[in-house]
$ cat upload_27.pdb   # PDB, C-alpha atoms, pLDDT in the B column
ATOM      1  CA  MET K   1     147.574 249.013 120.470  1.00 46.00           C
ATOM      2  CA  THR K   2     147.338 245.424 121.756  1.00 44.00           C
ATOM      3  CA  SER K   3     149.455 242.726 120.190  1.00 48.00           C
ATOM      4  CA  SER K   4     148.061 239.557 118.594  1.00 45.00           C
ATOM      5  CA  ARG K   5     149.447 237.606 121.576  1.00 45.00           C
ATOM      6  CA  ASP K   6     147.475 239.791 124.015  1.00 45.00           C
ATOM      7  CA  THR K   7     144.365 239.373 121.890  1.00 43.00           C
ATOM      8  CA  SER K   8     144.798 235.595 121.866  1.00 48.00           C
ATOM      9  CA  LEU K   9     145.233 235.492 125.639  1.00 45.00           C
ATOM     10  CA  ALA K  10     142.099 237.608 126.056  1.00 49.00           C
ATOM     11  CA  GLU K  11     140.130 235.249 123.801  1.00 49.00           C
ATOM     12  CA  VAL K  12     141.344 232.214 125.767  1.00 45.00           C
ATOM     13  CA  ALA K  13     140.377 233.889 129.041  1.00 49.00           C
ATOM     14  CA  ALA K  14     136.950 234.767 127.651  1.00 51.00           C
ATOM     15  CA  ASP K  15     136.414 231.193 126.436  1.00 51.00           C
ATOM     16  CA  SER K  16     137.443 229.863 129.856  1.00 50.00           C
ATOM     17  CA  SER K  17     135.058 232.260 131.590  1.00 52.00           C
ATOM     18  CA  ARG K  18     132.187 231.215 129.334  1.00 53.00           C
ATOM     19  CA  ALA K  19     132.943 227.547 129.990  1.00 51.00           C
ATOM     20  CA  GLN K  20     132.880 228.113 133.737  1.00 52.00           C
ATOM     21  CA  ILE K  21     129.536 229.900 133.487  1.00 57.00           C
ATOM     22  CA  ARG K  22     128.166 227.214 131.156  1.00 67.00           C
ATOM     23  CA  TRP K  23     128.900 224.425 133.660  1.00 72.00           C
ATOM     24  CA  SER K  24     128.415 226.364 136.881  1.00 79.00           C
ATOM     25  CA  PRO K  25     126.399 224.746 139.720  1.00 83.00           C
ATOM     26  CA  VAL K  26     123.615 227.278 139.128  1.00 82.00           C
ATOM     27  CA  VAL K  27     123.290 226.296 135.470  1.00 82.00           C
ATOM     28  CA  LEU K  28     123.393 222.587 136.300  1.00 82.00           C
ATOM     29  CA  GLY K  29     120.801 223.127 139.040  1.00 81.00           C
ATOM     30  CA  CYS K  30     118.529 224.942 136.605  1.00 78.00           C
ATOM     31  CA  LEU K  31     118.902 222.106 134.115  1.00 78.00           C
ATOM     32  CA  ALA K  32     118.056 219.535 136.789  1.00 78.00           C
ATOM     33  CA  ALA K  33     115.000 221.574 137.802  1.00 78.00           C
ATOM     34  CA  THR K  34     113.871 221.648 134.183  1.00 75.00           C
ATOM     35  CA  TRP K  35     114.298 217.899 133.788  1.00 75.00           C
ATOM     36  CA  PHE K  36     112.776 216.770 137.074  1.00 79.00           C
ATOM     37  CA  LEU K  37     110.440 219.476 138.372  1.00 78.00           C
ATOM     38  CA  TRP K  38     109.058 220.693 135.060  1.00 73.00           C
ATOM     39  CA  GLY K  39     108.950 217.138 133.689  1.00 74.00           C
ATOM     40  CA  THR K  40     107.032 215.652 136.623  1.00 83.00           C
ATOM     41  CA  MET K  41     104.671 218.644 136.601  1.00 84.00           C
ATOM     42  CA  TYR K  42     102.697 217.100 133.744  1.00 84.00           C
ATOM     43  CA  LEU K  43     101.887 214.008 135.769  1.00 85.00           C
ATOM     44  CA  ALA K  44     101.012 216.109 138.825  1.00 90.00           C
ATOM     45  CA  ILE K  45      98.590 218.192 136.729  1.00 90.00           C
ATOM     46  CA  LYS K  46      96.939 214.987 135.532  1.00 89.00           C
ATOM     47  CA  TRP K  47      96.431 213.743 139.093  1.00 92.00           C
ATOM     48  CA  ALA K  48      95.193 217.135 140.321  1.00 93.00           C
ATOM     49  CA  LEU K  49      92.463 217.164 137.654  1.00 93.00           C
ATOM     50  CA  VAL K  50      90.491 214.743 139.830  1.00 93.00           C
ATOM     51  CA  SER K  51      89.468 217.686 142.049  1.00 94.00           C
ATOM     52  CA  PHE K  52      90.580 220.807 140.146  1.00 95.00           C
ATOM     53  CA  PRO K  53      89.314 221.384 136.564  1.00 95.00           C
ATOM     54  CA  PRO K  54      91.952 222.549 134.054  1.00 94.00           C
ATOM     55  CA  PHE K  55      91.449 226.324 133.788  1.00 96.00           C
ATOM     56  CA  PHE K  56      90.693 226.702 137.509  1.00 96.00           C
ATOM     57  CA  GLN K  57      93.698 224.582 138.460  1.00 95.00           C
ATOM     58  CA  MET K  58      96.246 226.418 136.337  1.00 94.00           C
ATOM     59  CA  GLY K  59      94.735 229.844 137.000  1.00 95.00           C
ATOM     60  CA  SER K  60      94.728 229.494 140.782  1.00 95.00           C
ATOM     61  CA  GLN K  61      98.233 228.010 140.803  1.00 94.00           C
ATOM     62  CA  PHE K  62      99.742 230.826 138.761  1.00 94.00           C
ATOM     63  CA  VAL K  63      97.941 233.560 140.710  1.00 95.00           C
ATOM     64  CA  VAL K  64      99.374 232.141 143.945  1.00 94.00           C
ATOM     65  CA  ALA K  65     102.842 231.650 142.421  1.00 92.00           C
ATOM     66  CA  GLY K  66     102.764 235.118 140.817  1.00 93.00           C
ATOM     67  CA  ALA K  67     101.729 236.795 144.069  1.00 94.00           C
ATOM     68  CA  ALA K  68     104.541 235.042 145.955  1.00 92.00           C
ATOM     69  CA  LEU K  69     107.088 235.998 143.300  1.00 92.00           C
ATOM     70  CA  ALA K  70     105.885 239.619 143.258  1.00 93.00           C
ATOM     71  CA  ALA K  71     106.252 239.780 147.057  1.00 93.00           C
ATOM     72  CA  VAL K  72     109.825 238.481 146.800  1.00 91.00           C
ATOM     73  CA  ALA K  73     110.591 241.005 144.059  1.00 91.00           C
ATOM     74  CA  ARG K  74     109.253 243.858 146.175  1.00 92.00           C
ATOM     75  CA  LEU K  75     111.347 242.760 149.142  1.00 92.00           C
ATOM     76  CA  ARG K  76     114.377 242.790 146.841  1.00 90.00           C
ATOM     77  CA  GLY K  77     113.598 246.399 145.908  1.00 88.00           C
ATOM     78  CA  SER K  78     111.964 245.919 142.504  1.00 88.00           C
ATOM     79  CA  PRO K  79     109.350 248.569 141.593  1.00 90.00           C
ATOM     80  CA  TRP K  80     105.870 247.688 140.402  1.00 92.00           C
ATOM     81  CA  PRO K  81     105.646 247.407 136.587  1.00 91.00           C
ATOM     82  CA  SER K  82     104.680 250.506 134.649  1.00 91.00           C
ATOM     83  CA  THR K  83     101.513 250.608 132.561  1.00 92.00           C
ATOM     84  CA  LYS K  84     103.456 249.667 129.439  1.00 91.00           C
ATOM     85  CA  GLU K  85     105.125 246.789 131.292  1.00 90.00           C
ATOM     86  CA  TRP K  86     101.773 245.534 132.611  1.00 93.00           C
ATOM     87  CA  ILE K  87     100.449 245.516 129.041  1.00 92.00           C
ATOM     88  CA  GLY K  88     103.494 243.586 127.872  1.00 91.00           C
ATOM     89  CA  GLY K  89     103.118 241.202 130.794  1.00 90.00           C
ATOM     90  CA  ALA K  90      99.467 240.710 129.865  1.00 92.00           C
ATOM     91  CA  VAL K  91     100.381 239.803 126.285  1.00 92.00           C
ATOM     92  CA  MET K  92     103.027 237.324 127.414  1.00 91.00           C
ATOM     93  CA  GLY K  93     100.805 235.995 130.195  1.00 92.00           C
ATOM     94  CA  ALA K  94      97.946 235.391 127.765  1.00 94.00           C
ATOM     95  CA  LEU K  95     100.208 233.483 125.383  1.00 92.00           C
ATOM     96  CA  LEU K  96     102.558 231.589 127.725  1.00 90.00           C
ATOM     97  CA  ILE K  97     100.369 231.067 130.801  1.00 92.00           C
ATOM     98  CA  SER K  98      96.743 231.173 129.634  1.00 92.00           C
ATOM     99  CA  GLY K  99      97.322 229.580 126.258  1.00 91.00           C
ATOM    100  CA  GLY K 100     100.385 227.452 126.910  1.00 89.00           C
ATOM    101  CA  TYR K 101      99.531 226.012 130.316  1.00 89.00           C
ATOM    102  CA  GLY K 102      95.751 226.368 130.213  1.00 91.00           C
ATOM    103  CA  PHE K 103      95.199 224.345 127.053  1.00 92.00           C
ATOM    104  CA  MET K 104      97.876 221.877 128.076  1.00 89.00           C
ATOM    105  CA  ALA K 105      95.830 221.108 131.198  1.00 90.00           C
ATOM    106  CA  VAL K 106      92.702 220.824 129.039  1.00 90.00           C
ATOM    107  CA  ALA K 107      94.492 218.298 126.856  1.00 87.00           C
ATOM    108  CA  GLU K 108      95.356 216.177 129.874  1.00 87.00           C
ATOM    109  CA  THR K 109      91.655 215.631 130.605  1.00 86.00           C
ATOM    110  CA  SER K 110      91.490 213.282 127.609  1.00 82.00           C
ATOM    111  CA  VAL K 111      95.112 212.600 126.593  1.00 76.00           C
ATOM    112  CA  GLY K 112      97.738 210.790 128.660  1.00 72.00           C
ATOM    113  CA  SER K 113     100.424 212.967 130.242  1.00 66.00           C
ATOM    114  CA  GLY K 114     103.105 211.026 128.356  1.00 69.00           C
ATOM    115  CA  LEU K 115     101.614 211.988 124.996  1.00 71.00           C
ATOM    116  CA  VAL K 116     101.258 215.604 126.116  1.00 76.00           C
ATOM    117  CA  VAL K 117     104.959 215.676 127.023  1.00 72.00           C
ATOM    118  CA  ALA K 118     105.823 214.146 123.648  1.00 71.00           C
ATOM    119  CA  PHE K 119     103.816 216.792 121.814  1.00 73.00           C
ATOM    120  CA  THR K 120     105.239 219.709 123.809  1.00 74.00           C
ATOM    121  CA  ALA K 121     108.717 218.457 122.948  1.00 73.00           C
ATOM    122  CA  ILE K 122     108.195 219.777 119.403  1.00 76.00           C
ATOM    123  CA  VAL K 123     108.148 223.363 120.707  1.00 78.00           C
ATOM    124  CA  PRO K 124     111.923 223.907 120.123  1.00 77.00           C
ATOM    125  CA  THR K 125     111.385 222.973 116.478  1.00 76.00           C
ATOM    126  CA  MET K 126     108.403 225.323 116.254  1.00 79.00           C
ATOM    127  CA  VAL K 127     110.472 228.125 117.811  1.00 80.00           C
ATOM    128  CA  VAL K 128     113.196 227.628 115.187  1.00 77.00           C
ATOM    129  CA  LEU K 129     110.542 227.875 112.465  1.00 78.00           C
ATOM    130  CA  GLY K 130     108.970 230.879 114.184  1.00 77.00           C
ATOM    131  CA  GLU K 131     112.293 232.734 114.097  1.00 77.00           C
ATOM    132  CA  TRP K 132     112.649 232.130 110.347  1.00 76.00           C
ATOM    133  CA  PRO K 133     110.661 235.279 109.335  1.00 77.00           C
ATOM    134  CA  TYR K 134     113.040 237.333 111.499  1.00 74.00           C
ATOM    135  CA  GLY K 135     115.965 236.180 109.366  1.00 76.00           C
ATOM    136  CA  ILE K 136     117.388 233.900 112.070  1.00 75.00           C
ATOM    137  CA  ARG K 137     118.669 230.533 110.912  1.00 77.00           C
ATOM    138  CA  PRO K 138     119.762 227.685 113.216  1.00 74.00           C
ATOM    139  CA  ASP K 139     123.463 226.915 113.329  1.00 78.00           C
ATOM    140  CA  ARG K 140     124.788 223.370 113.040  1.00 79.00           C
ATOM    141  CA  ARG K 141     124.542 222.591 116.745  1.00 81.00           C
ATOM    142  CA  GLN K 142     120.976 223.894 116.946  1.00 76.00           C
ATOM    143  CA  ALA K 143     119.957 221.965 113.849  1.00 78.00           C
ATOM    144  CA  ALA K 144     121.541 218.799 115.255  1.00 80.00           C
ATOM    145  CA  GLY K 145     119.736 219.315 118.576  1.00 77.00           C
ATOM    146  CA  VAL K 146     116.386 219.765 116.833  1.00 75.00           C
ATOM    147  CA  ALA K 147     116.956 216.677 114.697  1.00 78.00           C
ATOM    148  CA  LEU K 148     117.953 214.621 117.747  1.00 77.00           C
ATOM    149  CA  GLY K 149     114.893 215.838 119.649  1.00 73.00           C
ATOM    150  CA  LEU K 150     112.519 214.997 116.805  1.00 72.00           C
ATOM    151  CA  GLY K 151     114.076 211.544 116.546  1.00 74.00           C
ATOM    152  CA  GLY K 152     113.510 211.027 120.258  1.00 71.00           C
ATOM    153  CA  ILE K 153     109.860 212.082 119.939  1.00 68.00           C
ATOM    154  CA  VAL K 154     109.325 209.543 117.167  1.00 68.00           C
ATOM    155  CA  MET K 155     110.817 206.810 119.343  1.00 68.00           C
ATOM    156  CA  LEU K 156     108.731 207.804 122.386  1.00 63.00           C
ATOM    157  CA  THR K 157     105.444 207.825 120.508  1.00 60.00           C
ATOM    158  CA  GLN K 158     105.754 204.543 118.660  1.00 60.00           C
ATOM    159  CA  GLY K 159     102.558 202.548 119.027  1.00 56.00           C
ATOM    160  CA  GLN K 160     100.597 205.312 120.781  1.00 52.00           C
ATOM    161  CA  ALA K 161      97.041 205.988 119.657  1.00 49.00           C
ATOM    162  CA  PHE K 162      97.221 209.661 118.729  1.00 49.00           C
ATOM    163  CA  GLY K 163      93.686 209.649 117.348  1.00 49.00           C
ATOM    164  CA  ALA K 164      92.127 208.674 120.696  1.00 55.00           C
ATOM    165  CA  SER K 165      90.903 212.189 121.445  1.00 71.00           C
ATOM    166  CA  LEU K 166      90.727 214.806 118.711  1.00 75.00           C
ATOM    167  CA  ALA K 167      89.708 217.519 121.181  1.00 81.00           C
ATOM    168  CA  GLY K 168      92.674 216.708 123.411  1.00 79.00           C
ATOM    169  CA  LEU K 169      95.097 216.776 120.519  1.00 80.00           C
ATOM    170  CA  LEU K 170      93.725 220.106 119.281  1.00 85.00           C
ATOM    171  CA  ALA K 171      94.151 221.487 122.809  1.00 87.00           C
ATOM    172  CA  VAL K 172      97.791 220.440 123.066  1.00 84.00           C
ATOM    173  CA  ILE K 173      98.495 221.791 119.567  1.00 85.00           C
ATOM    174  CA  THR K 174      96.973 225.125 120.647  1.00 89.00           C
ATOM    175  CA  SER K 175      99.147 225.032 123.761  1.00 88.00           C
ATOM    176  CA  CYS K 176     102.310 224.471 121.712  1.00 86.00           C
ATOM    177  CA  ALA K 177     101.370 227.180 119.193  1.00 89.00           C
ATOM    178  CA  THR K 178     100.678 229.883 121.797  1.00 91.00           C
ATOM    179  CA  TRP K 179     103.818 228.962 123.752  1.00 88.00           C
ATOM    180  CA  THR K 180     105.871 229.214 120.548  1.00 87.00           C
ATOM    181  CA  VAL K 181     104.446 232.607 119.603  1.00 88.00           C
ATOM    182  CA  GLY K 182     105.021 233.913 123.123  1.00 86.00           C
ATOM    183  CA  SER K 183     108.597 232.613 123.195  1.00 84.00           C
ATOM    184  CA  VAL K 184     109.461 234.207 119.848  1.00 86.00           C
ATOM    185  CA  TRP K 185     107.728 237.523 120.539  1.00 85.00           C
ATOM    186  CA  SER K 186     109.353 237.848 123.962  1.00 83.00           C
ATOM    187  CA  VAL K 187     112.783 237.878 122.289  1.00 80.00           C
ATOM    188  CA  HIS K 188     112.203 239.443 118.874  1.00 81.00           C
ATOM    189  CA  GLY K 189     109.007 241.464 119.296  1.00 79.00           C
ATOM    190  CA  LEU K 190     106.047 241.548 116.937  1.00 80.00           C
ATOM    191  CA  PRO K 191     106.597 240.760 113.240  1.00 76.00           C
ATOM    192  CA  GLY K 192     106.410 244.479 112.401  1.00 72.00           C
ATOM    193  CA  GLY K 193     109.313 245.221 114.738  1.00 71.00           C
ATOM    194  CA  THR K 194     107.328 246.492 117.733  1.00 78.00           C
ATOM    195  CA  ARG K 195     108.969 245.405 120.970  1.00 82.00           C
ATOM    196  CA  ILE K 196     106.938 243.979 123.844  1.00 83.00           C
ATOM    197  CA  HIS K 197     108.040 245.720 127.032  1.00 85.00           C
ATOM    198  CA  THR K 198     107.886 243.691 130.236  1.00 86.00           C
ATOM    199  CA  ALA K 199     109.318 244.303 133.683  1.00 85.00           C
ATOM    200  CA  THR K 200     112.752 242.827 134.317  1.00 84.00           C
ATOM    201  CA  GLY K 201     113.700 240.062 136.727  1.00 85.00           C
ATOM    202  CA  PHE K 202     111.272 238.434 139.148  1.00 88.00           C
ATOM    203  CA  MET K 203     108.692 241.190 138.726  1.00 91.00           C
ATOM    204  CA  GLY K 204     108.472 240.534 134.991  1.00 89.00           C
ATOM    205  CA  HIS K 205     107.720 236.846 135.541  1.00 90.00           C
ATOM    206  CA  ALA K 206     105.321 237.700 138.367  1.00 92.00           C
ATOM    207  CA  SER K 207     103.278 240.079 136.203  1.00 93.00           C
ATOM    208  CA  GLN K 208     102.936 237.428 133.508  1.00 93.00           C
ATOM    209  CA  MET K 209     101.831 234.822 136.059  1.00 94.00           C
ATOM    210  CA  LEU K 210      99.315 237.148 137.706  1.00 95.00           C
ATOM    211  CA  VAL K 211      97.665 238.293 134.486  1.00 95.00           C
ATOM    212  CA  GLY K 212      97.781 234.872 132.822  1.00 94.00           C
ATOM    213  CA  GLY K 213      96.400 233.192 135.933  1.00 95.00           C
ATOM    214  CA  ALA K 214      93.630 235.793 136.286  1.00 96.00           C
ATOM    215  CA  LEU K 215      92.584 235.268 132.661  1.00 96.00           C
ATOM    216  CA  LEU K 216      92.372 231.517 133.270  1.00 96.00           C
ATOM    217  CA  LEU K 217      90.214 232.036 136.368  1.00 96.00           C
ATOM    218  CA  ILE K 218      87.887 234.287 134.363  1.00 96.00           C
ATOM    219  CA  ALA K 219      87.674 231.636 131.636  1.00 95.00           C
ATOM    220  CA  SER K 220      86.994 228.997 134.305  1.00 96.00           C
ATOM    221  CA  TRP K 221      84.101 231.063 135.666  1.00 96.00           C
ATOM    222  CA  VAL K 222      82.675 231.759 132.195  1.00 95.00           C
ATOM    223  CA  ILE K 223      82.578 228.090 131.140  1.00 94.00           C
ATOM    224  CA  GLY K 224      81.240 227.012 134.534  1.00 94.00           C
ATOM    225  CA  GLU K 225      84.068 224.945 135.987  1.00 93.00           C
ATOM    226  CA  HIS K 226      83.509 223.748 139.543  1.00 92.00           C
ATOM    227  CA  PRO K 227      86.308 222.284 141.670  1.00 93.00           C
ATOM    228  CA  VAL K 228      85.470 219.294 143.844  1.00 92.00           C
ATOM    229  CA  TRP K 229      85.492 220.244 147.526  1.00 89.00           C
ATOM    230  CA  PRO K 230      86.992 218.923 149.665  1.00 93.00           C
ATOM    231  CA  PRO K 231      89.678 217.825 147.212  1.00 92.00           C
ATOM    232  CA  THR K 232      91.300 214.433 147.447  1.00 94.00           C
ATOM    233  CA  PRO K 233      94.601 214.444 149.382  1.00 94.00           C
ATOM    234  CA  LEU K 234      96.575 213.456 146.271  1.00 95.00           C
ATOM    235  CA  ALA K 235      94.959 216.192 144.165  1.00 94.00           C
ATOM    236  CA  LEU K 236      95.646 218.807 146.850  1.00 95.00           C
ATOM    237  CA  PHE K 237      99.282 217.709 147.161  1.00 95.00           C
ATOM    238  CA  CYS K 238      99.688 217.860 143.366  1.00 93.00           C
ATOM    239  CA  TRP K 239      98.114 221.342 143.296  1.00 94.00           C
ATOM    240  CA  PHE K 240     100.718 222.622 145.752  1.00 93.00           C
ATOM    241  CA  TYR K 241     103.495 220.750 143.945  1.00 91.00           C
ATOM    242  CA  VAL K 242     102.669 222.386 140.605  1.00 90.00           C
ATOM    243  CA  ALA K 243     102.189 225.831 142.175  1.00 89.00           C
ATOM    244  CA  ILE K 244     105.499 225.730 144.059  1.00 87.00           C
ATOM    245  CA  ALA K 245     107.815 223.357 142.211  1.00 82.00           C
ATOM    246  CA  GLY K 246     106.383 223.464 138.703  1.00 74.00           C
ATOM    247  CA  SER K 247     105.320 227.105 138.426  1.00 74.00           C
ATOM    248  CA  LEU K 248     107.492 229.008 140.910  1.00 75.00           C
ATOM    249  CA  ILE K 249     110.822 227.156 141.023  1.00 76.00           C
ATOM    250  CA  SER K 250     111.214 225.605 137.585  1.00 69.00           C
TER
END
$ encode --input "upload_27.pdb" --output "structure tokens"
Amino acid sequence: MTSSRDTSLAEVAADSSRAQIRWSPVVLGCLAATWFLWGTMYLAIKWALVSFPPFFQMGSQFVVAGAALAAVARLRGSPWPSTKEWIGGAVMGALLISGGYGFMAVAETSVGSGLVVAFTAIVPTMVVLGEWPYGIRPDRRQAAGVALGLGGIVMLTQGQAFGASLAGLLAVITSCATWTVGSVWSVHGLPGGTRIHTATGFMGHASQMLVGGALLLIASWVIGEHPVWPPTPLALFCWFYVAIAGSLIS
């Protein structure tokens, strides 16, 4: 039987290990990628809309990014997803990619990228509310983070004309709602307790990108979107930037 001193030493060692992981270069690099790459992606999408309409732009970017990620996963020895995992990837891809990114790009056709960023910043709050039916309550740090984030959104949006485009605002609200549902379901499953099975690692993300991107391309074809060809140099650069930096890396 271990003594209380041994238990205390083990707890200290565990806390130290968690602290090292929390502030490791990989974690800090991921945080920087989220701040810079994912943050600047919104502006790049706005500039790419000059030549690439919203559903076509996001669909083609995620199909390319998903194919590249699937190739990397296969080279690393990952198997192709099973039928059940493809179905789970389709559900998540429809919510996170098709709904989350597709409607966000639609919103940017009539709403400034700054306002879109401000609106998407409410997603953490929506996720906290979405976890409420599962019996999960935010702790003090989470509640403080949500409150601080909401305060920042209020400061960022002072003086902005939110009523400038009702269609754009409805699109970004749809984007936030589908992203929230996808985020909650990916962790906790459906409200009835049914789990959504997706492939693990890179292959899981790749399957979501491929299916979500394909659905966006189908929607683009159905509504009659037509990209401008040849695209402007800036739009083409932004397309590659979002596909590689925004979609694949971040």
$ resolve_selection --input "upload_27.pdb" --expression "the PyMOL selection byres ((chain K and resi 129) around 12)" --output "MDAnalysis selection string"
chainID K and resid 122:128 130:138 143 146 177 180:181 183:184
$ resolve_selection --input "upload_27.pdb" --expression "the PyMOL selection byres ((chain K and resi 168) around 6)" --output "PyMOL selection string"
chain K and resi 107+110-111+165-167+169-171
$ residues_around --input "upload_27.pdb" --residues "Leu216 of chain K" --least-positions-apart "2" --cutoff "10 Å" --atoms "only C-alpha atoms" --output "NGL selection string"
:K and (54-60 or 62-63 or 94 or 97-99 or 101-103 or 210-214 or 218-222)
$ closest_residue --input "upload_27.pdb" --among "K:Gly88, K:Tyr241, K:Val27, K:Ile249" --to "Thr200 of chain K" --atoms "only C-alpha atoms"
K:Gly88
$ closest_residue --input "upload_27.pdb" --among "K:Leu96, K:Leu75, K:Leu69, K:Leu49" --to "Trp179 of chain K" --atoms "only C-alpha atoms"
K:Leu96
$ atom_distance --input "upload_27.pdb" --atom1 "atom CA of Gly93 of chain K" --atom2 "atom CA of Val116 of chain K"
20.8 Å
$ atom_distance --input "upload_27.pdb" --atom1 "atom CA of Leu236 of chain K" --atom2 "atom CA of Gly100 of chain K"
22.2 Å
$ axis_aligned_box --input "upload_27.pdb" --around "segment 138-151 of chain K" --padding-each-side "5 Å" --output "JSON"
{"center_x": 118.7, "center_y": 219.6, "center_z": 116.3, "size_x": 22.3, "size_y": 26.1, "size_z": 16.6}
$ closest_residue --input "upload_27.pdb" --among "K:Trp23, K:Trp35, K:Trp80, K:Trp47" --to "Ala235 of chain K" --atoms "all atoms listed in the file"
K:Trp47
$ atom_distance --input "upload_27.pdb" --atom1 "atom CA of Gly246 of chain K" --atom2 "atom CA of Ala68 of chain K"
13.8 Å
$ resolve_selection --input "upload_27.pdb" --expression "the PyMOL selection byres ((chain K and resi 85) around 9)" --output "PyMOL selection string"
chain K and resi 81-84+86-90+196-199+204+207
$ closest_residue --input "upload_27.pdb" --among "K:Leu148, K:Ile223, K:Val172, K:Val117" --to "Met41 of chain K" --atoms "all atoms listed in the file"
K:Val117
$ closest_residue --input "upload_27.pdb" --among "K:Ala144, K:Ala243, K:Leu215, K:Ala206" --to "Ala67 of chain K" --atoms "all atoms listed in the file"
K:Ala206
$ residues_near_point --input "upload_27.pdb" --point "(102.1, 217.6, 125.3)" --cutoff "8 Å" --atoms "only C-alpha atoms" --output "PyMOL selection string"
chain K and resi 104+107+113-121+172-173+176
$ write_last_selection --input "upload_27.pdb" --atoms "C-alpha atoms" --output "PDB file, in the coordinates of the input"
ATOM      1  CA  MET K 104      97.876 221.877 128.076  1.00 89.00           C
ATOM      2  CA  ALA K 107      94.492 218.298 126.856  1.00 87.00           C
ATOM      3  CA  SER K 113     100.424 212.967 130.242  1.00 66.00           C
ATOM      4  CA  GLY K 114     103.105 211.026 128.356  1.00 69.00           C
ATOM      5  CA  LEU K 115     101.614 211.988 124.996  1.00 71.00           C
ATOM      6  CA  VAL K 116     101.258 215.604 126.116  1.00 76.00           C
ATOM      7  CA  VAL K 117     104.959 215.676 127.023  1.00 72.00           C
ATOM      8  CA  ALA K 118     105.823 214.146 123.648  1.00 71.00           C
ATOM      9  CA  PHE K 119     103.816 216.792 121.814  1.00 73.00           C
ATOM     10  CA  THR K 120     105.239 219.709 123.809  1.00 74.00           C
ATOM     11  CA  ALA K 121     108.717 218.457 122.948  1.00 73.00           C
ATOM     12  CA  VAL K 172      97.791 220.440 123.066  1.00 84.00           C
ATOM     13  CA  ILE K 173      98.495 221.791 119.567  1.00 85.00           C
ATOM     14  CA  CYS K 176     102.310 224.471 121.712  1.00 86.00           C
TER      15      CYS K 176
END
$ residues_around --input "upload_27.pdb" --residues "Pro53 of chain K" --least-positions-apart "6" --cutoff "7 Å" --atoms "all atoms listed in the file" --output "number ranges by chain"
K: 225-227
$ residues_around --input "upload_27.pdb" --residues "Thr232 of chain K" --least-positions-apart "3" --cutoff "9 Å" --atoms "all atoms listed in the file" --output "list in words"
Ala48, Val50, Ser51, Val228, Trp229, Ala235, Leu236 and Phe237 of chain K
